[in-house]
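A.B. asks: Here you go, structure_14.tsv (TSV, C-alpha atoms and all ligand atoms):
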chain	number	residue	atom	x	y	z
A	23	MET	CA	16.79	-36.75	6.54
A	24	ALA	CA	17.21	-33.01	6.89
A	25	GLU	CA	16.95	-30.66	9.85
A	26	ILE	CA	15.60	-27.19	9.07
A	27	THR	CA	16.03	-24.51	11.74
A	28	TRP	CA	14.45	-21.05	11.80
A	29	LEU	CA	17.03	-18.43	12.72
A	30	GLY	CA	14.46	-15.65	12.82
A	31	HIS	CA	13.04	-13.43	10.07
A	32	ALA	CA	13.84	-15.13	6.72
A	33	CYS	CA	17.06	-16.84	7.81
A	34	TRP	CA	17.09	-20.64	7.78
A	35	SER	CA	19.65	-23.35	8.34
A	36	VAL	CA	19.38	-26.72	6.58
A	37	LYS	CA	21.47	-29.59	7.88
A	38	THR	CA	21.67	-32.49	5.45
A	39	GLY	CA	24.27	-35.22	5.85
A	40	PRO	CA	27.62	-33.53	6.52
A	41	HIS	CA	26.50	-30.25	4.92
A	42	THR	CA	25.00	-27.10	6.41
A	43	LEU	CA	23.20	-24.63	4.16
A	44	LEU	CA	22.35	-21.16	5.41
A	45	ILE	CA	19.52	-19.29	3.67
A	46	ASP	CA	19.46	-15.45	3.69
A	47	PRO	CA	21.87	-14.78	6.60
A	48	PHE	CA	20.56	-11.89	8.70
A	49	LEU	CA	21.44	-12.28	12.37
A	50	SER	CA	23.49	-9.38	13.82
A	51	ASP	CA	20.81	-6.75	13.19
A	52	SER	CA	17.78	-9.03	13.45
A	53	PRO	CA	15.67	-8.47	16.58
A	54	SER	CA	14.42	-12.08	16.42
A	55	ALA	CA	17.67	-13.96	15.72
A	56	PRO	CA	18.35	-16.65	18.34
A	57	ARG	CA	22.05	-16.85	17.44
A	58	LYS	CA	24.89	-14.55	16.50
A	59	ALA	CA	26.62	-14.58	13.14
A	60	ASP	CA	29.72	-16.02	14.83
A	61	ASP	CA	27.76	-19.05	16.03
A	62	VAL	CA	26.38	-20.47	12.80
A	63	ALA	CA	27.86	-23.01	10.42
A	64	ALA	CA	27.63	-22.61	6.66
A	65	ASP	CA	29.20	-24.70	3.92
A	66	TYR	CA	26.85	-22.93	1.51
A	67	LEU	CA	25.14	-19.55	1.78
A	68	LEU	CA	22.02	-19.22	-0.36
A	69	VAL	CA	20.93	-15.63	-0.93
A	70	SER	CA	17.56	-14.91	-2.53
A	71	HIS	CA	17.96	-11.18	-3.21
A	72	GLY	CA	19.94	-8.10	-2.28
A	73	HIS	CA	17.88	-6.51	0.52
A	74	PHE	CA	19.63	-5.85	3.85
A	75	ASP	CA	17.37	-8.24	5.78
A	76	HIS	CA	18.70	-11.10	3.62
A	77	VAL	CA	22.37	-10.28	3.01
A	78	GLY	CA	23.30	-8.64	6.34
A	79	ASP	CA	25.80	-11.26	7.52
A	80	VAL	CA	26.81	-12.87	4.22
A	81	ALA	CA	30.30	-11.36	4.08
A	82	THR	CA	31.30	-12.07	7.69
A	83	ILE	CA	29.96	-15.63	7.71
A	84	ALA	CA	31.33	-16.55	4.28
A	85	SER	CA	34.74	-15.12	5.18
A	86	ARG	CA	34.84	-17.03	8.47
A	87	THR	CA	33.53	-20.39	7.18
A	88	GLY	CA	34.87	-20.31	3.62
A	89	GLY	CA	31.38	-21.33	2.53
A	90	THR	CA	30.23	-20.95	-1.06
A	91	LEU	CA	27.78	-18.17	-1.89
A	92	ILE	CA	24.96	-19.37	-4.14
A	93	SER	CA	22.85	-16.57	-5.56
A	94	ASN	CA	22.10	-14.81	-8.78
A	95	PHE	CA	25.03	-13.73	-10.93
A	96	GLU	CA	24.82	-10.04	-9.98
A	97	ILE	CA	24.83	-10.64	-6.23
A	98	CYS	CA	27.74	-13.09	-6.50
A	99	GLN	CA	29.73	-10.56	-8.51
A	100	TRP	CA	28.96	-7.78	-5.99
A	101	PHE	CA	30.15	-9.86	-3.02
A	102	ALA	CA	33.28	-10.94	-4.90
A	103	LYS	CA	34.11	-7.33	-5.75
A	104	GLN	CA	32.97	-5.51	-2.58
A	105	HIS	CA	33.88	-8.13	0.03
A	106	GLY	CA	36.49	-10.30	-1.71
A	107	LEU	CA	34.46	-13.51	-1.52
A	108	LYS	CA	36.30	-16.18	-3.45
A	109	HIS	CA	33.80	-19.03	-3.48
A	110	THR	CA	30.67	-18.08	-5.39
A	111	LEU	CA	28.22	-19.82	-7.69
A	112	GLY	CA	26.34	-17.26	-9.76
A	113	MET	CA	23.15	-18.60	-11.28
A	114	ASN	CA	19.93	-17.27	-12.78
A	115	LEU	CA	16.21	-18.00	-12.73
A	116	GLY	CA	15.26	-21.48	-13.89
A	117	GLY	CA	18.84	-22.72	-13.70
A	118	GLU	CA	19.74	-25.73	-11.60
A	119	ALA	CA	23.15	-26.84	-10.34
A	120	THR	CA	24.32	-30.11	-8.83
A	121	LEU	CA	26.38	-29.80	-5.66
A	122	PRO	CA	27.57	-32.27	-3.00
A	123	PHE	CA	24.39	-31.73	-0.93
A	124	GLY	CA	22.02	-32.18	-3.88
A	125	ARG	CA	20.50	-29.99	-6.56
A	126	VAL	CA	19.55	-26.34	-6.21
A	127	LYS	CA	17.29	-24.47	-8.62
A	128	LEU	CA	16.57	-20.75	-8.68
A	129	THR	CA	12.83	-20.22	-8.90
A	130	LEU	CA	10.72	-17.18	-9.78
A	131	ALA	CA	10.03	-14.62	-7.06
A	132	LEU	CA	7.91	-11.47	-7.42
A	133	HIS	CA	9.94	-8.91	-5.49
A	134	SER	CA	12.89	-6.53	-5.97
A	135	SER	CA	16.60	-6.96	-5.24
A	136	THR	CA	18.54	-3.72	-4.79
A	137	LEU	CA	21.75	-4.21	-2.77
A	138	PRO	CA	22.53	-2.14	0.39
A	139	ASP	CA	24.70	0.38	-1.53
A	140	GLY	CA	22.06	0.88	-4.22
A	141	SER	CA	23.69	-1.46	-6.74
A	142	GLY	CA	21.43	-3.59	-8.91
A	143	GLY	CA	21.02	-7.00	-7.36
A	144	GLY	CA	19.65	-8.85	-10.39
A	145	ASN	CA	16.37	-10.70	-10.13
A	146	PRO	CA	15.09	-11.98	-6.78
A	147	CYS	CA	14.58	-15.73	-6.50
A	148	GLY	CA	13.36	-18.60	-4.40
A	149	PHE	CA	15.14	-21.93	-4.01
A	150	LEU	CA	14.07	-25.46	-4.88
A	151	LEU	CA	16.37	-27.92	-3.11
A	152	ARG	CA	16.43	-31.57	-4.10
A	153	LEU	CA	18.67	-32.98	-1.43
A	154	ALA	CA	20.94	-35.92	-2.17
A	155	GLU	CA	19.41	-37.59	0.89
A	156	GLY	CA	16.06	-37.65	-0.88
A	157	LYS	CA	14.00	-34.73	0.47
A	158	THR	CA	12.65	-31.81	-1.58
A	159	ILE	CA	12.33	-28.36	0.00
A	160	TYR	CA	11.03	-25.12	-1.50
A	161	PHE	CA	11.98	-21.76	0.00
A	162	ALA	CA	9.66	-19.21	-1.58
A	163	CYS	CA	11.75	-16.40	0.01
A	164	ASP	CA	10.44	-12.85	-0.45
A	165	THR	CA	7.67	-13.00	-3.02
A	166	GLY	CA	4.11	-12.19	-3.86
A	167	LEU	CA	1.73	-14.96	-4.88
A	168	PHE	CA	2.11	-16.27	-8.43
A	169	GLY	CA	0.23	-18.98	-10.30
A	170	ASP	CA	3.34	-20.85	-11.41
A	171	MET	CA	3.76	-22.05	-7.84
A	172	SER	CA	1.67	-24.97	-9.09
A	173	LEU	CA	4.58	-25.89	-11.40
A	174	ILE	CA	7.01	-25.76	-8.47
A	175	GLY	CA	4.64	-28.06	-6.59
A	176	LYS	CA	5.12	-30.71	-9.29
A	177	ALA	CA	8.47	-31.43	-7.65
A	178	LYS	CA	6.46	-33.05	-4.79
A	179	LEU	CA	7.57	-30.94	-1.87
A	180	ASP	CA	8.33	-32.51	1.47
A	181	LEU	CA	8.46	-29.00	2.92
A	182	ALA	CA	7.59	-25.50	1.74
A	183	VAL	CA	8.74	-22.34	3.55
A	184	VAL	CA	6.51	-19.37	2.70
A	185	PRO	CA	6.39	-15.75	3.85
A	186	ILE	CA	3.24	-14.61	5.66
A	187	GLY	CA	4.28	-11.17	6.94
A	188	ASP	CA	2.45	-9.08	4.34
A	189	VAL	CA	3.44	-5.50	3.35
A	190	PHE	CA	6.71	-6.62	1.65
A	191	THR	CA	5.71	-10.19	0.70
A	192	MET	CA	2.65	-12.39	0.62
A	193	GLY	CA	0.36	-12.00	3.59
A	194	PRO	CA	-1.65	-14.77	5.27
A	195	ASP	CA	-4.43	-14.90	2.65
A	196	ASP	CA	-2.11	-15.21	-0.34
A	197	ALA	CA	0.20	-17.57	1.56
A	198	LEU	CA	-2.81	-19.85	2.07
A	199	GLU	CA	-3.43	-19.74	-1.70
A	200	ALA	CA	0.26	-20.53	-2.21
A	201	VAL	CA	-0.08	-23.69	-0.10
A	202	LYS	CA	-3.03	-24.75	-2.28
A	203	LEU	CA	-0.89	-24.34	-5.41
A	204	LEU	CA	2.28	-25.90	-3.98
A	205	GLN	CA	0.55	-28.86	-2.25
A	206	PRO	CA	3.50	-29.55	0.05
A	207	LYS	CA	3.48	-32.28	2.69
A	208	ARG	CA	4.45	-29.75	5.34
A	209	VAL	CA	4.57	-25.96	5.38
A	210	VAL	CA	6.22	-23.51	7.74
A	211	PRO	CA	5.71	-19.72	7.77
A	212	SER	CA	8.58	-17.22	7.51
A	213	HIS	CA	9.24	-13.45	7.26
A	214	PHE	CA	6.87	-12.35	10.06
A	215	ASN	CA	6.98	-10.87	13.59
A	216	THR	CA	10.48	-9.41	13.13
A	217	TRP	CA	9.13	-5.86	13.27
A	218	PRO	CA	5.64	-4.41	13.91
A	219	PRO	CA	4.70	-3.89	10.22
A	220	ILE	CA	4.97	-7.64	9.58
A	221	ALA	CA	3.36	-8.86	12.83
A	222	GLN	CA	1.06	-11.85	12.15
A	223	ASP	CA	-0.86	-14.50	14.07
A	224	ALA	CA	0.95	-17.52	12.65
A	225	GLN	CA	-1.10	-20.03	14.67
A	226	ALA	CA	-4.33	-18.65	13.22
A	227	TRP	CA	-2.83	-18.95	9.74
A	228	ALA	CA	-1.72	-22.52	10.44
A	229	ASP	CA	-5.28	-23.39	11.56
A	230	ARG	CA	-6.62	-22.13	8.24
A	231	VAL	CA	-4.02	-24.19	6.36
A	232	ARG	CA	-5.08	-27.31	8.29
A	233	ARG	CA	-8.77	-26.67	7.59
A	234	GLU	CA	-8.45	-25.83	3.91
A	235	THR	CA	-5.52	-27.95	2.66
A	236	SER	CA	-3.97	-31.33	3.34
A	237	ALA	CA	-0.62	-29.81	4.28
A	238	GLU	CA	0.72	-30.16	7.81
A	239	ALA	CA	1.30	-26.58	9.01
A	240	ILE	CA	4.11	-26.20	11.54
A	241	VAL	CA	4.75	-22.92	13.34
A	242	LEU	CA	8.27	-22.61	14.72
A	243	LYS	CA	9.73	-20.11	17.15
A	244	PRO	CA	13.15	-18.67	16.25
A	245	GLY	CA	15.74	-21.31	17.15
A	246	GLU	CA	13.34	-24.24	16.69
A	247	SER	CA	13.70	-26.95	14.04
A	248	VAL	CA	11.64	-29.30	11.94
A	249	THR	CA	13.10	-32.61	10.81
A	250	ILE	CA	11.93	-34.19	7.56
B	1	NI	NI	13.14	-8.21	0.37
B	2	MN	MN	12.74	-9.32	3.24
Output the file's structure as structure tokens, nothing else.
C.D. replies:
Amino acid sequence: MAEITWLGHACWSVKTGPHTLLIDPFLSDSPSAPRKADDVAADYLLVSHGHFDHVGDVATIASRTGGTLISNFEICQWFAKQHGLKHTLGMNLGGEATLPFGRVKLTLALHSSTLPDGSGGGNPCGFLLRLAEGKTIYFACDTGLFGDMSLIGKAKLDLAVVPIGDVFTMGPDDALEAVKLLQPKRVVPSHFNTWPPIAQDAQAWADRVRRETSAEAIVLKPGESVTI
């Protein structure tokens, strides 16, 4: 069993057994965050790319919790050097690592990854999580649509988290195509309604998913959870 909570924008918490994973921590400066950076647990911080709306609270949360940063090699090095983070696991696209909570694989993402100070943040990624408790979750993170999502779907996804905000990532039309390629059991939308440029009608999108695919589309409000 795993409990997945939307913390607004592209920030997610995954509770699995005794472990809490935090994806793309961005709370302090997020207009839609239901919690403050001081109020979240994180044994592991998974960071998909270097943009401010994904790394905003990494340093403060990792320093407070002692959690391990899992990201690409460049981002791990930057946080170790700039913020003194001691626990990091630098990876790269296609690589998978086995950890106490399960396996994590860095998947392709079509995006960019410059860090807040202009440093190169390596390649952006998504995350495929094969939890030790048996569930498989795919976080597409910030990405455009790509055909190899059908390969990611071969992992038999219990849950897919896809962006629908448009402008910076997939919009609703391409996110619907993504669901068709991924064929997940359940899908939840992310990266929308934080600011006006990425405002979307998530319920209308979910209705299209229900009509055109066999996935169960679940629209959460910030602070709400889905249990799988
Ligand atoms: Ni981004
Ligand atoms: Mn973003």
A.B. asks: Which residues of chain A have any atom within 8 Å of an atom in ligand NI 1 (chain B) when counting all atoms listed in the file, and what is the closest pair of atoms for each, with the distance in Å to one decimal? Order the rows by chain and rising number and write it as a Markdown table.
C.D. replies:
| residue | atom | partner | partner_atom | distance |
| --- | --- | --- | --- | --- |
| A:His71 | CA | B:NI1 | NI | 6.7 |
| A:Gly72 | CA | B:NI1 | NI | 7.3 |
| A:His73 | CA | B:NI1 | NI | 5.0 |
| A:Phe74 | CA | B:NI1 | NI | 7.7 |
| A:Asp75 | CA | B:NI1 | NI | 6.9 |
| A:His76 | CA | B:NI1 | NI | 7.1 |
| A:His133 | CA | B:NI1 | NI | 6.7 |
| A:Ser134 | CA | B:NI1 | NI | 6.6 |
| A:Ser135 | CA | B:NI1 | NI | 6.7 |
| A:Asp164 | CA | B:NI1 | NI | 5.4 |
| A:Phe190 | CA | B:NI1 | NI | 6.7 |
| A:Thr191 | CA | B:NI1 | NI | 7.7 |
A.B. asks: Would you kindly return, as a ChimeraX atom specification, each protein, DNA or RNA residue with an atom no farther than 6 Å from any atom of region 32-42 of chain A, considering all atoms listed in the file and excluding same-chain residues fewer than 5 positions away?
C.D. replies: /A:24-27,47,64-65,212-213
A.B. asks: Rounded to one decimal place, report the CA of Met113 (chain A)-CA of Gly148 (chain A) distance in Å.
C.D. replies: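 Distance reported for this atom pair: 12.0 Å.
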A.B. asks: Extract, using all atoms listed in the file, all DNA, RNA and protein residues at most 12 Å from region 117-124 of chain A, discarding same-chain residues fewer than 3 positions from it, and format them as a PyMOL selection string.
C.D. replies: chain A and resi 23-24+36-43+65-66+90+92-95+111-114+127-130+147-159
A.B. asks: Would you write out those residues with C-alpha atoms, as a PDB file, keeping the file's coordinate frame?
C.D. replies:
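The result, written out as selection-v5.pdb:
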ATOM      1  CA  MET A  23      16.790 -36.750   6.540  1.00  0.00           C
ATOM      2  CA  ALA A  24      17.210 -33.010   6.890  1.00  0.00           C
ATOM      3  CA  VAL A  36      19.380 -26.720   6.580  1.00  0.00           C
ATOM      4  CA  LYS A  37      21.470 -29.590   7.880  1.00  0.00           C
ATOM      5  CA  THR A  38      21.670 -32.490   5.450  1.00  0.00           C
ATOM      6  CA  GLY A  39      24.270 -35.220   5.850  1.00  0.00           C
ATOM      7  CA  PRO A  40      27.620 -33.530   6.520  1.00  0.00           C
ATOM      8  CA  HIS A  41      26.500 -30.250   4.920  1.00  0.00           C
ATOM      9  CA  THR A  42      25.000 -27.100   6.410  1.00  0.00           C
ATOM     10  CA  LEU A  43      23.200 -24.630   4.160  1.00  0.00           C
ATOM     11  CA  ASP A  65      29.200 -24.700   3.920  1.00  0.00           C
ATOM     12  CA  TYR A  66      26.850 -22.930   1.510  1.00  0.00           C
ATOM     13  CA  THR A  90      30.230 -20.950  -1.060  1.00  0.00           C
ATOM     14  CA  ILE A  92      24.960 -19.370  -4.140  1.00  0.00           C
ATOM     15  CA  SER A  93      22.850 -16.570  -5.560  1.00  0.00           C
ATOM     16  CA  ASN A  94      22.100 -14.810  -8.780  1.00  0.00           C
ATOM     17  CA  PHE A  95      25.030 -13.730 -10.930  1.00  0.00           C
ATOM     18  CA  LEU A 111      28.220 -19.820  -7.690  1.00  0.00           C
ATOM     19  CA  GLY A 112      26.340 -17.260  -9.760  1.00  0.00           C
ATOM     20  CA  MET A 113      23.150 -18.600 -11.280  1.00  0.00           C
ATOM     21  CA  ASN A 114      19.930 -17.270 -12.780  1.00  0.00           C
ATOM     22  CA  LYS A 127      17.290 -24.470  -8.620  1.00  0.00           C
ATOM     23  CA  LEU A 128      16.570 -20.750  -8.680  1.00  0.00           C
ATOM     24  CA  THR A 129      12.830 -20.220  -8.900  1.00  0.00           C
ATOM     25  CA  LEU A 130      10.720 -17.180  -9.780  1.00  0.00           C
ATOM     26  CA  CYS A 147      14.580 -15.730  -6.500  1.00  0.00           C
ATOM     27  CA  GLY A 148      13.360 -18.600  -4.400  1.00  0.00           C
ATOM     28  CA  PHE A 149      15.140 -21.930  -4.010  1.00  0.00           C
ATOM     29  CA  LEU A 150      14.070 -25.460  -4.880  1.00  0.00           C
ATOM     30  CA  LEU A 151      16.370 -27.920  -3.110  1.00  0.00           C
ATOM     31  CA  ARG A 152      16.430 -31.570  -4.100  1.00  0.00           C
ATOM     32  CA  LEU A 153      18.670 -32.980  -1.430  1.00  0.00           C
ATOM     33  CA  ALA A 154      20.940 -35.920  -2.170  1.00  0.00           C
ATOM     34  CA  GLU A 155      19.410 -37.590   0.890  1.00  0.00           C
ATOM     35  CA  GLY A 156      16.060 -37.650  -0.880  1.00  0.00           C
ATOM     36  CA  LYS A 157      14.000 -34.730   0.470  1.00  0.00           C
ATOM     37  CA  THR A 158      12.650 -31.810  -1.580  1.00  0.00           C
ATOM     38  CA  ILE A 159      12.330 -28.360   0.000  1.00  0.00           C
TER      39      ILE A 159
END
A.B. asks: Set the distance at 12 Å and use all atoms listed in the file: which residues neighbour Thr110 (chain A) once local chain neighbours fewer than 6 positions away are removed? I'd like the list as a PyMOL selection string.
C.D. replies: chain A and resi 65-69+80-81+84-85+88-103
A.B. asks: Can I get the selection written as a compact mmCIF listing (two decimals), keeping the file's coordinate frame, with C-alpha atoms?
C.D. replies:
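Here's the written file part.txt:
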# COMPACT_ATOMS: atom_id res chain seq x y z
CA ASP A 65 29.20 -24.70 3.92
CA TYR A 66 26.85 -22.93 1.51
CA LEU A 67 25.14 -19.55 1.78
CA LEU A 68 22.02 -19.22 -0.36
CA VAL A 69 20.93 -15.63 -0.93
CA VAL A 80 26.81 -12.87 4.22
CA ALA A 81 30.30 -11.36 4.08
CA ALA A 84 31.33 -16.55 4.28
CA SER A 85 34.74 -15.12 5.18
CA GLY A 88 34.87 -20.31 3.62
CA GLY A 89 31.38 -21.33 2.53
CA THR A 90 30.23 -20.95 -1.06
CA LEU A 91 27.78 -18.17 -1.89
CA ILE A 92 24.96 -19.37 -4.14
CA SER A 93 22.85 -16.57 -5.56
CA ASN A 94 22.10 -14.81 -8.78
CA PHE A 95 25.03 -13.73 -10.93
CA GLU A 96 24.82 -10.04 -9.98
CA ILE A 97 24.83 -10.64 -6.23
CA CYS A 98 27.74 -13.09 -6.50
CA GLN A 99 29.73 -10.56 -8.51
CA TRP A 100 28.96 -7.78 -5.99
CA PHE A 101 30.15 -9.86 -3.02
CA ALA A 102 33.28 -10.94 -4.90
CA LYS A 103 34.11 -7.33 -5.75
A.B. asks: At what distance in Å, to one decimal, does CA of Gly175 (chain A) lie from CA of Ala63 (chain A)?
C.D. replies: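 We find that CA of Ala63 (chain A) and CA of Gly175 (chain A) lie 29.2 Å from each other.
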A.B. asks: Under the rule that all atoms listed in the file are counted, which of A:Pro218, A:Gly116, A:Gly169, A:Pro53 is the nearest residue to Asn145 (chain A)?
C.D. replies: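 Nearest to Asn145 (chain A): A:Gly116.
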A.B. asks: Give me, please, the distance in Å between CA of Ala182 (chain A) and CA of Val62 (chain A), quoted to one decimal.
C.D. replies: 22.4 Å
A.B. asks: Name all residues at most 12 Å from Ala226 (chain A) (count all atoms listed in the file; drop same-chain ones fewer than 3 positions away) and give them as a list in words.
C.D. replies: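 The contact residues come out as Ile186, Pro194, Asp195, Leu198, Pro211, Gln222, Asp223, Asp229, Arg230, Val231, Arg232, Arg233, Ala239, Ile240 and Val241 of chain A.
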A.B. asks: Go through A:Glu246, A:Glu199, A:Asp170, A:Asp51 and flag the residue nearest Val184 (chain A), using all atoms listed in the file for the distances.
C.D. replies: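 For Val184 (chain A), the nearest of the given residues is A:Glu199.
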